[in-house]
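Text of protein_2.cif, listed as mmCIF, C-alpha atoms:
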```cif
data_model
loop_
_atom_site.label_atom_id
_atom_site.label_comp_id
_atom_site.auth_asym_id
_atom_site.auth_seq_id
_atom_site.Cartn_x
_atom_site.Cartn_y
_atom_site.Cartn_z
CA MET A 1 -17.22 -2.57 -26.22
CA ALA A 2 -20.11 -1.04 -28.11
CA THR A 3 -20.53 -1.78 -31.76
CA ASP A 4 -21.04 0.98 -34.28
CA ALA A 5 -24.70 -0.03 -34.64
CA LYS A 6 -25.22 0.01 -30.88
CA ALA A 7 -23.61 3.46 -30.59
CA ARG A 8 -25.76 4.82 -33.43
CA ILE A 9 -28.92 3.39 -31.87
CA ALA A 10 -28.06 4.75 -28.42
CA HIS A 11 -27.26 8.15 -29.91
CA TYR A 12 -30.63 8.25 -31.69
CA LEU A 13 -32.53 7.19 -28.57
CA SER A 14 -30.68 9.73 -26.44
CA GLY A 15 -32.45 12.47 -28.36
CA PHE A 16 -35.72 11.31 -26.80
CA PHE A 17 -34.83 10.00 -23.34
CA PRO A 18 -31.74 9.36 -21.17
CA VAL A 19 -29.96 6.18 -22.22
CA THR A 20 -26.87 6.41 -20.02
CA ASP A 21 -28.42 4.31 -17.26
CA LEU A 22 -29.94 1.70 -19.57
CA LYS A 23 -28.57 -1.81 -19.89
CA ASP A 24 -28.56 -3.41 -23.33
CA ASP A 25 -31.48 -5.65 -22.39
CA ASP A 26 -33.66 -3.09 -20.55
CA ASP A 27 -37.17 -3.19 -22.03
CA LEU A 28 -37.80 0.24 -23.53
CA PHE A 29 -41.54 -0.40 -23.74
CA LYS A 30 -41.98 -1.58 -20.14
CA LEU A 31 -39.92 1.35 -18.89
CA GLY A 32 -42.35 3.66 -20.67
CA PHE A 33 -39.84 5.19 -23.06
CA VAL A 34 -41.43 3.83 -26.23
CA SER A 35 -45.04 4.10 -27.33
CA SER A 36 -46.55 2.51 -30.40
CA MET A 37 -46.08 5.81 -32.26
CA PHE A 38 -42.41 6.00 -31.30
CA ALA A 39 -42.01 2.37 -32.34
CA MET A 40 -42.85 3.44 -35.89
CA GLN A 41 -40.20 6.16 -35.62
CA LEU A 42 -37.72 3.44 -34.63
CA VAL A 43 -38.63 1.45 -37.73
CA THR A 44 -38.03 4.51 -39.91
CA PHE A 45 -34.76 5.25 -38.13
CA VAL A 46 -33.48 1.69 -38.63
CA GLU A 47 -34.37 1.75 -42.33
CA HIS A 48 -32.73 5.09 -43.02
CA GLU A 49 -29.75 4.82 -40.70
CA PHE A 50 -28.70 1.31 -41.71
CA GLY A 51 -30.07 1.11 -45.26
CA VAL A 52 -32.24 -1.93 -44.63
CA THR A 53 -35.89 -2.64 -45.26
CA VAL A 54 -38.03 -3.63 -42.30
CA GLU A 55 -40.52 -6.14 -43.66
CA ASN A 56 -43.94 -6.88 -42.17
CA GLU A 57 -42.61 -10.09 -40.64
CA ASP A 58 -39.87 -8.06 -38.91
CA LEU A 59 -42.41 -5.97 -37.00
CA GLU A 60 -42.11 -8.13 -33.90
CA LEU A 61 -41.87 -6.27 -30.61
CA ASP A 62 -38.87 -8.40 -29.65
CA ASN A 63 -36.84 -6.82 -32.49
CA PHE A 64 -37.33 -3.34 -31.03
CA ARG A 65 -37.68 -4.02 -27.29
CA SER A 66 -34.19 -2.98 -26.18
CA ILE A 67 -30.94 -1.49 -27.42
CA GLY A 68 -29.48 -5.00 -27.58
CA ALA A 69 -32.48 -6.31 -29.51
CA LEU A 70 -32.25 -3.45 -31.99
CA GLU A 71 -28.52 -4.05 -32.42
CA ALA A 72 -29.06 -7.77 -33.04
CA PHE A 73 -31.92 -7.08 -35.46
CA VAL A 74 -29.81 -4.63 -37.46
CA GLY A 75 -26.96 -7.15 -37.51
CA ARG A 76 -29.25 -9.86 -38.88
CA LYS A 77 -30.66 -7.52 -41.54
CA LEU A 78 -27.21 -6.37 -42.62
CA ALA A 79 -25.99 -9.95 -42.82
CA VAL A 80 -28.61 -10.77 -45.48
CA VAL A 81 -28.23 -7.60 -47.57
CA PRO A 82 -26.61 -8.61 -50.87
CA ALA A 83 -23.27 -6.96 -51.55
CA SER A 84 -23.23 -4.34 -54.30
#
```
Go through the file and emit its structure as structure tokens.
Amino acid sequence: MATDAKARIAHYLSGFFPVTDLKDDDDLFKLGFVSSMFAMQLVTFVEHEFGVTVENEDLELDNFRSIGALEAFVGRKLAVVPAS
């Protein structure tokens, strides 16, 4: 079952390329869907959509490589956000 974060990520990506045939661990960069410019769009999307800050040390390709990696990254960032 897809998590809310996974569904939101997939929905965002579907605006740029077909995601219906992608597995959670398919490498978006190797498949040619994501360029370095689009990677920066992903960073902005993650920050705005999930209310987290992507720090310089978070800018590892492995955090953005696949839908599953993005979902896990968002989960880790949300787990350390202090409660209001």
Discussion item. Residues near Thr3 in chain A, anyone? I mean within 10 Å using only C-alpha atoms, not counting same-chain ones fewer than 5 positions away, as number ranges by chain.
Written reply: A: 8-9, 71
Might you pull out every residue within 12 Å of Gly32 in chain A, with only C-alpha atoms counted and same-chain residues fewer than 3 positions away left off, and present them as an mmCIF file with C-alpha atoms, in the frame of the given file?
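Resulting contents of part-v5.cif:
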```cif
data_model
loop_
_atom_site.group_PDB
_atom_site.id
_atom_site.type_symbol
_atom_site.label_atom_id
_atom_site.label_comp_id
_atom_site.auth_asym_id
_atom_site.auth_seq_id
_atom_site.Cartn_x
_atom_site.Cartn_y
_atom_site.Cartn_z
ATOM 1 C CA PHE A 16 -35.720 11.310 -26.800
ATOM 2 C CA PHE A 17 -34.830 10.000 -23.340
ATOM 3 C CA ASP A 26 -33.660 -3.090 -20.550
ATOM 4 C CA ASP A 27 -37.170 -3.190 -22.030
ATOM 5 C CA LEU A 28 -37.800 0.240 -23.530
ATOM 6 C CA PHE A 29 -41.540 -0.400 -23.740
ATOM 7 C CA SER A 35 -45.040 4.100 -27.330
ATOM 8 C CA SER A 36 -46.550 2.510 -30.400
ATOM 9 C CA PHE A 38 -42.410 6.000 -31.300
ATOM 10 C CA ALA A 39 -42.010 2.370 -32.340
ATOM 11 C CA ARG A 65 -37.680 -4.020 -27.290
ATOM 12 C CA SER A 66 -34.190 -2.980 -26.180
#
```
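The space between CA of Leu42 in chain A and CA of Leu22 in chain A spans 17.0 Å.
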What's the 12 Å shell around Leu70 in chain A, counting only C-alpha atoms, without same-chain residues fewer than 2 positions away, as a PDB file with C-alpha atoms, in the frame of the given file?
```pdb
ATOM      1  CA  THR A   3     -20.530  -1.780 -31.760  1.00  0.00           C
ATOM      2  CA  ALA A   5     -24.700  -0.030 -34.640  1.00  0.00           C
ATOM      3  CA  LYS A   6     -25.220   0.010 -30.880  1.00  0.00           C
ATOM      4  CA  ALA A   7     -23.610   3.460 -30.590  1.00  0.00           C
ATOM      5  CA  ARG A   8     -25.760   4.820 -33.430  1.00  0.00           C
ATOM      6  CA  ILE A   9     -28.920   3.390 -31.870  1.00  0.00           C
ATOM      7  CA  ALA A  10     -28.060   4.750 -28.420  1.00  0.00           C
ATOM      8  CA  TYR A  12     -30.630   8.250 -31.690  1.00  0.00           C
ATOM      9  CA  LEU A  13     -32.530   7.190 -28.570  1.00  0.00           C
ATOM     10  CA  ASP A  24     -28.560  -3.410 -23.330  1.00  0.00           C
ATOM     11  CA  ASP A  25     -31.480  -5.650 -22.390  1.00  0.00           C
ATOM     12  CA  ASP A  26     -33.660  -3.090 -20.550  1.00  0.00           C
ATOM     13  CA  ASP A  27     -37.170  -3.190 -22.030  1.00  0.00           C
ATOM     14  CA  LEU A  28     -37.800   0.240 -23.530  1.00  0.00           C
ATOM     15  CA  ALA A  39     -42.010   2.370 -32.340  1.00  0.00           C
ATOM     16  CA  LEU A  42     -37.720   3.440 -34.630  1.00  0.00           C
ATOM     17  CA  VAL A  43     -38.630   1.450 -37.730  1.00  0.00           C
ATOM     18  CA  PHE A  45     -34.760   5.250 -38.130  1.00  0.00           C
ATOM     19  CA  VAL A  46     -33.480   1.690 -38.630  1.00  0.00           C
ATOM     20  CA  GLU A  47     -34.370   1.750 -42.330  1.00  0.00           C
ATOM     21  CA  PHE A  50     -28.700   1.310 -41.710  1.00  0.00           C
ATOM     22  CA  VAL A  54     -38.030  -3.630 -42.300  1.00  0.00           C
ATOM     23  CA  ASP A  58     -39.870  -8.060 -38.910  1.00  0.00           C
ATOM     24  CA  LEU A  59     -42.410  -5.970 -37.000  1.00  0.00           C
ATOM     25  CA  GLU A  60     -42.110  -8.130 -33.900  1.00  0.00           C
ATOM     26  CA  LEU A  61     -41.870  -6.270 -30.610  1.00  0.00           C
ATOM     27  CA  ASP A  62     -38.870  -8.400 -29.650  1.00  0.00           C
ATOM     28  CA  ASN A  63     -36.840  -6.820 -32.490  1.00  0.00           C
ATOM     29  CA  PHE A  64     -37.330  -3.340 -31.030  1.00  0.00           C
ATOM     30  CA  ARG A  65     -37.680  -4.020 -27.290  1.00  0.00           C
ATOM     31  CA  SER A  66     -34.190  -2.980 -26.180  1.00  0.00           C
ATOM     32  CA  ILE A  67     -30.940  -1.490 -27.420  1.00  0.00           C
ATOM     33  CA  GLY A  68     -29.480  -5.000 -27.580  1.00  0.00           C
ATOM     34  CA  ALA A  72     -29.060  -7.770 -33.040  1.00  0.00           C
ATOM     35  CA  PHE A  73     -31.920  -7.080 -35.460  1.00  0.00           C
ATOM     36  CA  VAL A  74     -29.810  -4.630 -37.460  1.00  0.00           C
ATOM     37  CA  GLY A  75     -26.960  -7.150 -37.510  1.00  0.00           C
ATOM     38  CA  ARG A  76     -29.250  -9.860 -38.880  1.00  0.00           C
ATOM     39  CA  LYS A  77     -30.660  -7.520 -41.540  1.00  0.00           C
TER      40      LYS A  77
END
```
Worksheet entry | For CA of Ser14 in chain A and CA of Thr44 in chain A, the interatomic separation in Å (one decimal) | 16.2 Å
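Atom to atom, CA of Leu78 in chain A and CA of Val52 in chain A stand 7.0 Å apart.
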Worksheet item: Using all atoms listed in the file, which residue out of A:Lys30, A:Val80, A:Gly15, A:Asp21 lies closest to Thr53 in chain A?
Response: A:Val80
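Counting only C-alpha atoms, the residue from A:Ala79, A:Ala69, A:Leu31, A:Met37 that sits nearest to Val19 in chain A is A:Leu31.
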